[in-house]
file coords_22.cif (mmCIF, C-alpha atoms)
data_input
#
loop_
_atom_site.label_atom_id
_atom_site.label_comp_id
_atom_site.auth_asym_id
_atom_site.auth_seq_id
_atom_site.Cartn_x
_atom_site.Cartn_y
_atom_site.Cartn_z
CA MET O 368 114.25 128.60 126.21
CA HIS O 369 115.94 125.27 125.56
CA ARG O 370 115.27 122.18 127.56
CA VAL O 371 116.65 118.66 127.22
CA MET O 372 114.46 115.80 128.39
CA TRP O 373 115.51 112.27 129.13
CA GLY O 374 114.42 109.35 131.22
CA ALA O 375 111.05 107.71 131.54
CA VAL O 376 107.57 108.93 132.24
CA MET O 377 104.96 106.55 133.57
CA GLY O 378 107.23 103.63 132.77
CA LEU O 379 107.25 104.42 129.07
CA ARG O 380 110.58 104.97 127.39
CA TYR O 381 111.18 107.71 124.88
CA ARG O 382 114.02 109.51 123.19
CA SER O 383 114.00 113.27 122.91
CA GLY O 384 116.21 116.23 122.13
CA PRO O 385 116.35 119.95 122.90
CA TYR O 386 113.30 121.91 121.90
CA LEU O 387 112.14 125.47 122.01
CA ALA O 388 109.09 126.39 124.04
CA SER O 389 106.81 128.19 121.66
CA THR O 390 103.90 130.60 121.90
CA ARG O 391 103.02 130.54 118.22
CA SER O 392 99.47 130.43 117.03
CA TYR O 393 98.23 128.38 114.13
CA SER O 394 95.21 128.32 111.93
CA LEU O 395 94.31 125.21 113.95
CA GLY O 396 93.84 125.51 117.68
CA ASP O 397 95.45 123.20 120.20
CA GLY O 398 93.65 119.88 120.49
CA VAL O 399 93.41 116.55 118.73
CA TRP O 400 92.97 116.51 114.95
CA PHE O 401 92.43 113.66 112.52
CA SER O 402 93.40 113.05 108.90
CA ARG O 403 91.47 111.15 106.24
CA SER O 404 94.16 108.49 106.32
CA HIS O 405 93.41 107.84 110.00
CA GLU O 406 96.34 109.52 111.69
CA TRP O 407 95.72 111.64 114.75
CA MET O 408 97.75 114.61 115.81
CA LYS O 409 97.61 116.32 119.18
CA LEU O 410 98.72 119.92 118.80
CA ASP O 411 99.92 121.56 121.99
CA GLY O 412 101.74 124.86 121.95
CA GLY O 413 103.71 124.23 118.78
CA VAL O 414 104.44 120.55 119.43
CA GLY O 415 102.54 117.85 117.58
CA THR O 416 102.18 114.25 118.76
CA VAL O 417 101.24 111.80 116.01
CA GLY O 418 99.72 108.32 116.07
CA ILE O 419 97.17 106.21 114.22
CA THR O 420 93.54 105.93 115.18
CA ASP O 421 91.65 102.97 116.58
CA HIS O 422 89.97 102.54 113.19
CA ALA O 423 93.37 102.28 111.51
CA GLN O 424 94.84 99.77 113.95
CA ASN O 425 91.72 97.63 113.67
CA GLU O 426 91.88 97.61 109.86
CA LEU O 427 95.62 96.95 109.75
CA GLY O 428 95.48 93.98 112.10
CA GLU O 429 98.32 92.97 114.37
CA ILE O 430 101.16 95.44 114.08
CA VAL O 431 104.50 93.69 113.98
CA TYR O 432 107.02 96.45 113.31
CA VAL O 433 107.37 100.21 113.41
CA SER O 434 110.08 102.23 111.73
CA LEU O 435 110.40 105.55 113.53
CA PRO O 436 112.41 108.65 112.63
CA GLU O 437 115.38 109.85 114.63
CA VAL O 438 115.25 112.86 116.94
CA ASP O 439 116.10 116.05 115.01
CA ASP O 440 115.06 114.51 111.69
CA ALA O 441 113.32 117.06 109.47
CA VAL O 442 109.62 116.48 108.89
CA THR O 443 107.92 117.59 105.68
CA GLY O 444 104.20 118.24 105.98
CA GLY O 445 102.04 116.48 103.42
CA VAL O 446 101.98 113.12 101.71
CA THR O 447 105.30 113.12 99.88
CA ASP O 448 107.75 112.10 102.58
CA ALA O 449 106.78 109.46 105.11
CA VAL O 450 107.96 110.18 108.65
CA ALA O 451 107.40 106.65 109.93
CA GLU O 452 106.27 103.28 108.61
CA ILE O 453 104.04 100.69 110.21
CA GLU O 454 104.04 97.03 109.25
CA SER O 455 101.15 94.75 110.05
CA VAL O 456 101.14 91.07 109.25
CA LYS O 457 101.41 91.42 105.47
CA SER O 458 101.26 95.11 104.81
CA CYS O 459 103.30 98.28 105.25
CA SER O 460 101.89 101.78 105.45
CA PRO O 461 103.63 105.14 105.63
CA ILE O 462 102.75 107.70 108.31
CA TYR O 463 102.84 111.35 107.34
CA SER O 464 102.82 114.61 109.25
CA PRO O 465 100.34 117.41 108.56
CA PHE O 466 102.92 120.11 109.34
CA SER O 467 106.59 120.52 108.61
CA GLY O 468 109.05 120.67 111.46
CA ALA O 469 111.63 118.59 113.31
CA VAL O 470 111.26 115.45 115.39
CA THR O 471 111.67 116.04 119.13
CA GLU O 472 110.75 112.65 120.61
CA VAL O 473 110.03 109.11 119.48
CA ASN O 474 108.20 106.43 121.41
CA GLU O 475 110.70 103.61 121.90
CA GLU O 476 107.99 101.52 123.52
CA VAL O 477 106.32 100.89 120.14
CA GLU O 478 109.64 99.82 118.61
CA THR O 479 110.13 97.06 121.14
CA ASN O 480 106.43 96.23 121.55
CA PRO O 481 104.52 97.26 118.41
CA THR O 482 101.23 95.77 119.61
CA VAL O 483 100.94 98.70 122.04
CA ILE O 484 99.64 100.53 118.98
CA ASN O 485 96.83 97.96 118.68
CA SER O 486 95.94 98.03 122.37
CA SER O 487 96.34 101.76 123.00
CA PRO O 488 96.44 103.62 119.67
CA MET O 489 95.37 106.99 121.05
CA ASP O 490 97.47 106.96 124.19
CA LYS O 491 100.47 104.72 124.86
CA GLY O 492 100.76 103.91 121.13
CA TRP O 493 101.86 107.41 120.07
CA LEU O 494 104.61 107.32 117.47
CA PHE O 495 106.57 110.56 117.43
CA LYS O 496 106.47 114.19 118.50
CA PHE O 497 107.68 117.10 116.46
CA GLN O 498 108.21 120.84 116.77
CA VAL O 499 106.15 122.59 114.13
CA ALA O 500 108.30 124.76 111.86
CA GLU O 501 108.09 128.54 112.12
CA ASP O 502 106.83 128.86 108.55
CA SER O 503 104.34 125.99 108.71
CA ASP O 504 101.13 127.67 109.77
CA GLU O 505 98.63 125.72 107.71
CA PRO O 506 98.35 121.93 107.71
CA ALA O 507 99.41 120.39 104.41
CA VAL O 508 96.53 117.89 104.52
CA GLU O 509 92.88 118.21 105.44
CA LEU O 510 92.31 117.71 109.17
CA MET O 511 89.06 117.06 111.02
CA ASP O 512 88.01 117.45 114.59
CA GLU O 513 86.87 114.39 116.52
CA LYS O 514 83.19 114.74 115.66
CA GLU O 515 83.89 115.18 111.94
CA TYR O 516 86.29 112.22 112.01
CA ASN O 517 83.78 109.95 113.74
CA ASN O 518 81.17 110.86 111.11
CA TYR O 519 83.74 110.16 108.39
CA VAL O 520 84.48 106.71 109.83
CA GLU O 521 80.77 105.95 110.16
CA GLN O 522 80.31 106.70 106.48
CA LEU O 523 83.22 104.43 105.58
CA ASP O 524 81.83 101.60 107.66
CA SER O 525 78.32 101.86 106.25
CA GLY A 298 91.02 103.46 83.99
CA VAL A 299 94.10 102.29 82.18
CA LEU A 300 96.31 99.55 83.59
CA ARG A 301 99.86 99.76 82.29
CA LEU A 302 101.61 96.42 82.01
CA VAL A 303 105.33 95.86 82.40
CA ARG A 304 106.40 92.38 81.31
CA ALA A 305 109.81 91.04 82.13
CA ARG A 306 111.60 87.74 82.11
CA GLY A 307 114.42 86.86 84.46
CA LEU A 308 114.65 90.30 86.04
CA PRO A 309 116.71 89.93 89.24
CA VAL A 310 114.70 90.42 92.42
CA LEU A 311 116.47 93.59 93.53
CA ARG A 312 115.93 95.34 90.20
CA MET A 313 112.32 94.18 90.12
CA LEU A 314 111.62 95.53 93.60
CA ARG A 315 113.30 98.84 92.80
CA LEU A 316 111.12 99.14 89.70
CA GLU A 317 107.98 98.41 91.69
CA GLU A 318 108.85 100.86 94.43
CA ALA A 319 109.66 103.56 91.89
CA LEU A 320 106.33 103.01 90.15
CA LEU A 321 104.47 103.03 93.46
CA ARG A 322 106.07 106.20 94.76
CA ALA A 323 106.67 108.21 91.62
CA ALA A 324 104.57 107.07 88.66
CA PRO A 325 100.89 108.01 88.57
CA GLY A 326 98.21 105.62 87.40
CA SER A 327 97.77 101.88 87.82
CA TRP A 328 100.39 99.33 86.89
CA ALA A 329 100.95 95.61 86.68
CA VAL A 330 104.47 94.20 86.70
CA VAL A 331 104.88 90.57 85.68
CA ASN A 332 108.32 89.01 85.97
CA ASP A 333 108.68 85.47 84.71
CA GLY A 334 111.57 84.11 86.74
CA ALA A 335 113.97 86.01 88.97
CA GLY A 336 117.37 85.42 87.47
CA PRO A 337 119.36 82.19 87.29
CA ALA A 338 120.32 81.90 90.95
CA PRO A 339 118.18 81.59 94.08
CA CYS A 340 117.59 84.72 96.14
CA CYS A 341 116.21 85.00 99.67
CA VAL A 342 113.66 87.80 100.00
CA LEU A 343 112.65 89.15 103.41
CA GLY A 344 109.84 91.54 104.34
CA LEU A 345 110.49 94.97 105.79
CA SER A 346 110.98 93.73 109.35
CA GLY A 347 112.46 90.34 108.53
CA LYS A 348 115.66 89.50 110.41
CA PRO A 349 118.06 87.25 108.49
CA GLU A 350 119.33 85.59 111.65
CA VAL A 351 115.76 84.58 112.55
CA MET A 352 114.35 83.72 109.14
CA LEU A 353 117.35 82.18 107.34
CA ASP A 354 119.94 79.50 107.84
CA THR A 355 122.59 82.18 107.51
CA GLU A 356 125.48 79.76 107.60
CA ARG A 357 124.12 77.83 104.62
CA VAL A 358 123.20 81.07 102.82
CA ARG A 359 126.72 82.45 103.24
CA ARG A 360 128.36 79.17 102.31
CA ASP A 361 126.39 79.00 99.07
CA GLY A 362 126.76 82.71 98.29
CA VAL A 363 123.01 83.29 98.04
CA ALA A 364 121.78 86.87 97.64
CA VAL A 365 119.54 88.24 100.39
CA VAL A 366 117.21 91.13 99.60
CA LYS A 367 114.81 93.04 101.84
CA ARG A 368 111.47 94.20 100.40
CA PHE A 369 109.87 97.56 101.07
CA SER A 370 106.59 95.72 101.75
CA GLY A 371 105.57 93.55 104.68
CA GLY A 372 105.10 89.83 104.80
CA GLY A 373 107.31 86.81 105.26
CA THR A 374 110.45 85.32 103.75
CA VAL A 375 110.65 83.40 100.49
CA VAL A 376 113.31 81.89 98.27
CA ALA A 377 112.87 83.08 94.70
CA GLY A 378 114.52 81.71 91.63
CA PRO A 379 114.19 81.12 87.90
CA ASP A 380 110.89 79.26 88.38
CA THR A 381 109.19 81.88 90.52
CA VAL A 382 106.67 84.07 88.71
CA PHE A 383 106.07 87.50 90.21
CA CYS A 384 102.97 89.57 89.68
CA SER A 385 102.66 93.00 91.25
CA LEU A 386 99.59 95.17 91.08
CA ILE A 387 99.86 98.88 91.82
CA LEU A 388 96.36 100.30 91.80
CA GLU A 389 94.91 103.74 92.31
CA GLU A 390 92.15 103.66 94.93
CA ALA A 391 89.93 105.50 92.49
CA ALA A 392 90.36 102.66 89.97
CA VAL A 393 88.96 100.12 92.44
CA PRO A 394 86.71 102.24 94.68
CA HIS A 395 84.84 99.16 95.94
CA VAL A 396 88.06 97.84 97.55
CA GLU A 397 88.77 99.41 100.92
CA PRO A 398 92.49 100.25 101.09
CA TYR A 399 93.31 97.92 103.97
CA PRO A 400 95.07 94.54 104.10
CA ARG A 401 92.05 92.27 104.48
CA PRO A 402 89.78 93.83 101.81
CA ILE A 403 92.71 93.95 99.38
CA MET A 404 93.55 90.33 100.07
CA GLU A 405 89.92 89.25 99.57
CA TRP A 406 89.66 91.24 96.36
CA SER A 407 92.84 89.63 95.05
CA GLY A 408 91.43 86.17 95.75
CA ARG A 409 88.37 87.00 93.64
CA HIS A 410 90.63 88.55 91.00
CA TYR A 411 92.75 85.41 90.60
CA ALA A 412 89.97 82.86 91.04
CA PRO A 413 89.10 82.59 87.30
CA LEU A 414 92.75 81.75 86.57
CA PHE A 415 93.32 79.17 89.30
CA ALA A 416 89.93 77.73 90.21
CA PRO A 417 89.77 75.47 87.12
CA HIS A 418 92.94 73.73 88.29
CA GLY A 419 91.82 72.83 91.78
CA ALA A 420 89.24 70.22 92.69
CA GLY A 421 87.29 69.03 95.70
CA GLY A 422 89.14 69.54 98.94
CA ALA A 423 92.07 70.97 97.02
CA GLY A 424 90.21 73.84 95.38
CA PHE A 425 91.74 77.25 94.94
CA ALA A 426 91.23 79.49 97.94
CA LEU A 427 92.76 82.15 100.07
CA ALA A 428 94.40 80.39 102.97
CA GLU A 429 94.71 83.28 105.40
CA THR A 430 96.97 85.52 103.32
CA ASP A 431 98.32 82.89 100.94
CA TYR A 432 97.01 81.46 97.70
CA ALA A 433 96.57 77.71 97.99
CA PHE A 434 95.05 74.60 96.57
CA GLY A 435 93.47 73.16 99.68
CA PRO A 436 96.19 73.09 102.34
CA LEU A 437 99.05 73.54 99.88
CA LYS A 438 100.42 77.04 99.29
CA PHE A 439 101.52 78.15 95.85
CA GLY A 440 101.58 81.93 96.23
CA GLY A 441 102.71 84.33 98.94
CA ASN A 442 101.66 87.97 99.16
CA ALA A 443 102.69 91.28 100.59
CA GLN A 444 101.34 94.81 100.40
CA TYR A 445 102.25 98.44 100.68
CA ILE A 446 99.33 100.77 101.23
CA THR A 447 99.79 104.48 100.84
CA ARG A 448 97.48 107.44 100.28
CA GLY A 449 95.32 106.99 97.24
CA ARG A 450 97.01 103.83 95.94
CA TRP A 451 98.24 100.46 97.05
CA LEU A 452 100.52 97.69 95.92
CA HIS A 453 99.79 94.00 96.22
CA HIS A 454 102.52 91.68 95.03
CA THR A 455 102.70 87.94 94.80
CA SER A 456 105.40 85.36 94.27
CA PHE A 457 103.89 82.36 92.52
CA LEU A 458 105.67 79.02 92.79
CA TRP A 459 105.62 77.69 89.26
CA ASP A 460 108.32 75.33 90.45
CA TRP A 461 110.80 75.21 93.30
CA ASP A 462 113.91 73.32 94.33
CA ALA A 463 113.66 71.54 97.68
CA ARG A 464 117.36 72.22 98.26
CA HIS A 465 116.69 75.97 98.18
CA MET A 466 114.02 75.67 100.84
CA ARG A 467 116.78 74.71 103.26
CA TYR A 468 117.88 78.34 103.24
CA LEU A 469 114.68 79.16 105.13
CA ARG A 470 114.19 78.50 108.82
CA HIS A 471 110.75 77.53 110.00
CA PRO A 472 109.21 80.95 110.75
CA PRO A 473 108.55 81.78 114.41
CA LYS A 474 105.03 82.87 113.45
CA GLU A 475 103.23 80.74 110.91
CA PRO A 476 99.69 80.82 109.51
CA GLU A 477 97.38 78.48 111.41
CA TYR A 478 96.70 76.28 108.43
CA ARG A 479 100.37 75.43 108.11
CA ARG A 480 100.17 73.38 111.36
CA GLY A 481 103.92 73.08 111.74
CA ARG A 482 104.48 71.42 108.37
CA PRO A 483 107.96 71.77 106.88
CA HIS A 484 108.26 73.62 103.59
CA GLU A 485 108.23 70.44 101.51
CA ALA A 486 104.87 69.38 102.98
CA PHE A 487 103.38 72.88 102.92
CA LEU A 488 104.05 74.03 99.35
CA CYS A 489 102.94 72.81 95.93
CA ARG A 490 104.05 73.54 92.37
CA LEU A 491 101.83 75.27 89.83
CA ARG A 492 103.47 73.41 86.96
CA GLU A 493 102.05 70.16 88.37
CA ARG A 494 98.53 71.55 88.20
CA MET A 495 98.43 73.92 85.25
CA PRO A 496 99.31 73.23 81.61
#

call {"tool": "encode", "arguments": {"input": "coords_22.cif", "output": "structure tokens"}}
result
Amino acid sequence: MHRVMWGAVMGLRYRSGPYLASTRSYSLGDGVWFSRSHEWMKLDGGVGTVGITDHAQNELGEIVYVSLPEVDDAVTGGVTDAVAEIESVKSCSPIYSPFSGAVTEVNEEVETNPTVINSSPMDKGWLFKFQVAEDSDEPAVELMDEKEYNNYVEQLDS
Amino acid sequence: GVLRLVRARGLPVLRMLRLEEALLRAAPGSWAVVNDGAGPAPCCVLGLSGKPEVMLDTERVRRDGVAVVKRFSGGGTVVAGPDTVFCSLILEEAAVPHVEPYPRPIMEWSGRHYAPLFAPHGAGGAGFALAETDYAFGPLKFGGNAQYITRGRWLHHTSFLWDWDARHMRYLRHPPKEPEYRRGRPHEAFLCRLRERMP
């Protein structure tokens, strides 16, 4: 089933393209997962939504610019090819995806107002969504659930 | 660990930045790149998100045929030339495990790293210090910084003002966002020259 989405939801603008509804299963269940480099990914029926965590936005400082991919861009899982880049006052950091796939939506709101990532990193500050590739069953980087991630951050802060 | 040093003299800014980015993305290990002077002509260098129409006097830049280059790192806009000394550090996280790979810890570490070199040449209220994210003697900046932080390694690069030509500073507009300590000063009242303080 193909569906094209456009318009605005809850006043937030986004760009999106056609996507396939999927009933695939993965080694990870649906839910929110976290990487050691402080990205979060919400996995929901074959579509991943990616952003950075509150810990990351706090450490980066004021975010001044975001470079997002285009809809339909290919995504390579792992730490070789950055999917997006975030610039804070003096520093740039790449954002990676744990799975391979193709971009389905980007959050235009963070392009025009990057500080949304600082104020709402886990919600309004999402960066991009992607359809996980058919042959990408295992994440290419280690992912943690929320409890493991919070313990990880506590250890870093101590 | 081993720190590999690349020394250059007069390497144009674009080539220097390409070298740094290639080392950061594709060469394992830790590196330092030192470039003494950036070619014979001035060059305007913007950060990743810098907009020429905001940061530069584009009419003057075009009239004088000045090159404009965009970095892959963040940070502000500078004019580089034959008297700018560049030092870039590309470090594996494992080589400096006590430095958290985030902008502020890296900046603070770099201030401690450079202090033995610069502190002897500052005095009293004009001592060497980090002024927000700049290197300064008191209120006068002599080095600007930018970073790129990726998984397992990070780059911190600096343009040091050994000397500078006031005419070249006219290529730069006053930035819309400035560090607090600048207090609206124009470039000529905000910057100093290392050659006036170091032998």

call {"tool": "atom_distance", "arguments": {"input": "coords_22.cif", "atom1": "CA of Arg492 (chain A)", "atom2": "CA of Arg480 (chain A)"}}
result
24.6 Å

call {"tool": "interface_residues", "arguments": {"input": "coords_22.cif", "of": "chain O", "to": "chain A", "cutoff": "10 Å", "atoms": "all atoms listed in the file", "output": "list in words"}}
result
Arg403, Ser404, Ala423, Asn425, Glu426, Leu427, Gly428, Val431, Tyr432, Val433, Ser434, Val446, Thr447, Asp448, Ala449, Glu452, Ile453, Glu454, Ser455, Val456, Lys457, Ser458, Cys459, Ser460, Pro461, Ile462, Tyr463, Leu523 and Asp524 of chain O

call {"tool": "resolve_selection", "arguments": {"input": "coords_22.cif", "expression": "the PyMOL selection byres ((chain A and resi 337) around 6)", "output": "number ranges by chain"}}
result
A: 336, 338, 379

call {"tool": "residues_around", "arguments": {"input": "coords_22.cif", "residues": "Phe495 (chain O)", "least_positions_apart": "5", "cutoff": "10 Å", "atoms": "only C-alpha atoms", "output": "mmCIF file with C-alpha atoms, in the frame of the given file"}}
result
data_model
loop_
_atom_site.group_PDB
_atom_site.id
_atom_site.type_symbol
_atom_site.label_atom_id
_atom_site.label_comp_id
_atom_site.auth_asym_id
_atom_site.auth_seq_id
_atom_site.Cartn_x
_atom_site.Cartn_y
_atom_site.Cartn_z
ATOM 1 C CA TYR O 381 111.180 107.710 124.880
ATOM 2 C CA ARG O 382 114.020 109.510 123.190
ATOM 3 C CA SER O 383 114.000 113.270 122.910
ATOM 4 C CA MET O 408 97.750 114.610 115.810
ATOM 5 C CA GLY O 415 102.540 117.850 117.580
ATOM 6 C CA THR O 416 102.180 114.250 118.760
ATOM 7 C CA VAL O 417 101.240 111.800 116.010
ATOM 8 C CA GLY O 418 99.720 108.320 116.070
ATOM 9 C CA LEU O 435 110.400 105.550 113.530
ATOM 10 C CA PRO O 436 112.410 108.650 112.630
ATOM 11 C CA GLU O 437 115.380 109.850 114.630
ATOM 12 C CA VAL O 438 115.250 112.860 116.940
ATOM 13 C CA VAL O 450 107.960 110.180 108.650
ATOM 14 C CA ALA O 451 107.400 106.650 109.930
ATOM 15 C CA SER O 464 102.820 114.610 109.250
ATOM 16 C CA VAL O 470 111.260 115.450 115.390
ATOM 17 C CA THR O 471 111.670 116.040 119.130
ATOM 18 C CA GLU O 472 110.750 112.650 120.610
ATOM 19 C CA VAL O 473 110.030 109.110 119.480
ATOM 20 C CA ASN O 474 108.200 106.430 121.410
ATOM 21 C CA GLU O 475 110.700 103.610 121.900
#

call {"tool": "resolve_selection", "arguments": {"input": "coords_22.cif", "expression": "the PyMOL selection byres ((chain A and resi 414) around 12)", "output": "PyMOL selection string"}}
result
chain A and resi 407-413+415-419+425-426+432+491+494-496

call {"tool": "atom_distance", "arguments": {"input": "coords_22.cif", "atom1": "CA of Leu395 (chain O)", "atom2": "CA of Val483 (chain O)"}}
result
28.5 Å

call {"tool": "atom_distance", "arguments": {"input": "coords_22.cif", "atom1": "CA of Ala433 (chain A)", "atom2": "CA of Leu353 (chain A)"}}
result
23.2 Å

call {"tool": "resolve_selection", "arguments": {"input": "coords_22.cif", "expression": "the PyMOL selection byres ((chain O and resi 441) around 8)", "output": "PDB file with C-alpha atoms, in the coordinates of the input"}}
result
ATOM      1  CA  ASP O 439     116.100 116.050 115.010  1.00  0.00           C
ATOM      2  CA  ASP O 440     115.060 114.510 111.690  1.00  0.00           C
ATOM      3  CA  VAL O 442     109.620 116.480 108.890  1.00  0.00           C
ATOM      4  CA  THR O 443     107.920 117.590 105.680  1.00  0.00           C
ATOM      5  CA  SER O 467     106.590 120.520 108.610  1.00  0.00           C
ATOM      6  CA  GLY O 468     109.050 120.670 111.460  1.00  0.00           C
ATOM      7  CA  ALA O 469     111.630 118.590 113.310  1.00  0.00           C
ATOM      8  CA  VAL O 470     111.260 115.450 115.390  1.00  0.00           C
TER       9      VAL O 470
END

call {"tool": "residues_near_point", "arguments": {"input": "coords_22.cif", "point": "(120.4, 72.0, 105.0)", "cutoff": "10 Å", "atoms": "only C-alpha atoms", "output": "PyMOL selection string"}}
result
chain A and resi 354+356-358+463-470

call {"tool": "closest_residue", "arguments": {"input": "coords_22.cif", "among": "A:Trp406, A:Trp459, A:Phe383, A:Tyr478", "to": "Leu314 (chain A)", "atoms": "only C-alpha atoms"}}
result
A:Phe383

call {"tool": "residues_around", "arguments": {"input": "coords_22.cif", "residues": "Val382 (chain A)", "least_positions_apart": "5", "cutoff": "12 Å", "atoms": "all atoms listed in the file", "output": "PyMOL selection string"}}
result
chain A and resi 304-310+313+330-336+376-377+439-441+454-461+490-492

call {"tool": "build_atoms", "arguments": {"input": "coords_22.cif", "residues": "region 502-518 of chain O", "atoms": "N, CA, C and O atoms", "output": "PDB file, in the coordinates of the input"}}
result
ATOM      1  N   ASP O 502     107.554 128.432 109.749  1.00  0.00           N
ATOM      2  CA  ASP O 502     106.830 128.860 108.550  1.00  0.00           C
ATOM      3  C   ASP O 502     105.766 127.858 108.124  1.00  0.00           C
ATOM      4  O   ASP O 502     105.330 127.844 106.978  1.00  0.00           O
ATOM      5  N   SER O 503     105.341 127.009 109.040  1.00  0.00           N
ATOM      6  CA  SER O 503     104.340 125.990 108.710  1.00  0.00           C
ATOM      7  C   SER O 503     103.068 126.273 109.485  1.00  0.00           C
ATOM      8  O   SER O 503     102.791 125.643 110.503  1.00  0.00           O
ATOM      9  N   ASP O 504     102.312 127.252 109.024  1.00  0.00           N
ATOM     10  CA  ASP O 504     101.130 127.670 109.770  1.00  0.00           C
ATOM     11  C   ASP O 504      99.871 126.873 109.415  1.00  0.00           C
ATOM     12  O   ASP O 504      98.985 126.711 110.230  1.00  0.00           O
ATOM     13  N   GLU O 505      99.817 126.438 108.160  1.00  0.00           N
ATOM     14  CA  GLU O 505      98.630 125.720 107.710  1.00  0.00           C
ATOM     15  C   GLU O 505      98.962 124.245 107.537  1.00  0.00           C
ATOM     16  O   GLU O 505     100.030 123.911 107.021  1.00  0.00           O
ATOM     17  N   PRO O 506      98.056 123.359 107.931  1.00  0.00           N
ATOM     18  CA  PRO O 506      98.350 121.930 107.710  1.00  0.00           C
ATOM     19  C   PRO O 506      98.382 121.641 106.217  1.00  0.00           C
ATOM     20  O   PRO O 506      97.617 122.224 105.442  1.00  0.00           O
ATOM     21  N   ALA O 507      99.253 120.724 105.823  1.00  0.00           N
ATOM     22  CA  ALA O 507      99.410 120.390 104.410  1.00  0.00           C
ATOM     23  C   ALA O 507      98.371 119.370 103.941  1.00  0.00           C
ATOM     24  O   ALA O 507      98.286 119.071 102.759  1.00  0.00           O
ATOM     25  N   VAL O 508      97.615 118.807 104.878  1.00  0.00           N
ATOM     26  CA  VAL O 508      96.530 117.890 104.520  1.00  0.00           C
ATOM     27  C   VAL O 508      95.287 118.335 105.273  1.00  0.00           C
ATOM     28  O   VAL O 508      95.366 119.049 106.265  1.00  0.00           O
ATOM     29  N   GLU O 509      94.136 117.862 104.785  1.00  0.00           N
ATOM     30  CA  GLU O 509      92.880 118.210 105.440  1.00  0.00           C
ATOM     31  C   GLU O 509      92.818 117.521 106.809  1.00  0.00           C
ATOM     32  O   GLU O 509      93.111 116.329 106.916  1.00  0.00           O
ATOM     33  N   LEU O 510      92.460 118.278 107.829  1.00  0.00           N
ATOM     34  CA  LEU O 510      92.310 117.710 109.170  1.00  0.00           C
ATOM     35  C   LEU O 510      90.877 117.930 109.654  1.00  0.00           C
ATOM     36  O   LEU O 510      90.226 118.903 109.284  1.00  0.00           O
ATOM     37  N   MET O 511      90.431 117.007 110.478  1.00  0.00           N
ATOM     38  CA  MET O 511      89.060 117.060 111.020  1.00  0.00           C
ATOM     39  C   MET O 511      89.128 117.046 112.536  1.00  0.00           C
ATOM     40  O   MET O 511      90.066 116.489 113.116  1.00  0.00           O
ATOM     41  N   ASP O 512      88.100 117.617 113.151  1.00  0.00           N
ATOM     42  CA  ASP O 512      88.010 117.450 114.590  1.00  0.00           C
ATOM     43  C   ASP O 512      87.390 116.077 114.885  1.00  0.00           C
ATOM     44  O   ASP O 512      87.015 115.339 113.964  1.00  0.00           O
ATOM     45  N   GLU O 513      87.268 115.746 116.163  1.00  0.00           N
ATOM     46  CA  GLU O 513      86.870 114.390 116.520  1.00  0.00           C
ATOM     47  C   GLU O 513      85.473 114.054 116.001  1.00  0.00           C
ATOM     48  O   GLU O 513      85.236 112.952 115.491  1.00  0.00           O
ATOM     49  N   LYS O 514      84.574 115.011 116.100  1.00  0.00           N
ATOM     50  CA  LYS O 514      83.190 114.740 115.660  1.00  0.00           C
ATOM     51  C   LYS O 514      83.147 114.500 114.157  1.00  0.00           C
ATOM     52  O   LYS O 514      82.541 113.546 113.672  1.00  0.00           O
ATOM     53  N   GLU O 515      83.867 115.348 113.401  1.00  0.00           N
ATOM     54  CA  GLU O 515      83.890 115.180 111.940  1.00  0.00           C
ATOM     55  C   GLU O 515      84.524 113.836 111.588  1.00  0.00           C
ATOM     56  O   GLU O 515      84.083 113.135 110.675  1.00  0.00           O
ATOM     57  N   TYR O 516      85.608 113.474 112.302  1.00  0.00           N
ATOM     58  CA  TYR O 516      86.290 112.220 112.010  1.00  0.00           C
ATOM     59  C   TYR O 516      85.378 111.033 112.301  1.00  0.00           C
ATOM     60  O   TYR O 516      85.311 110.089 111.509  1.00  0.00           O
ATOM     61  N   ASN O 517      84.677 111.067 113.416  1.00  0.00           N
ATOM     62  CA  ASN O 517      83.780 109.950 113.740  1.00  0.00           C
ATOM     63  C   ASN O 517      82.685 109.800 112.697  1.00  0.00           C
ATOM     64  O   ASN O 517      82.327 108.682 112.313  1.00  0.00           O
ATOM     65  N   ASN O 518      82.176 110.912 112.187  1.00  0.00           N
ATOM     66  CA  ASN O 518      81.170 110.860 111.110  1.00  0.00           C
ATOM     67  C   ASN O 518      81.788 110.269 109.847  1.00  0.00           C
ATOM     68  O   ASN O 518      81.163 109.478 109.139  1.00  0.00           O
TER      69      ASN O 518
END
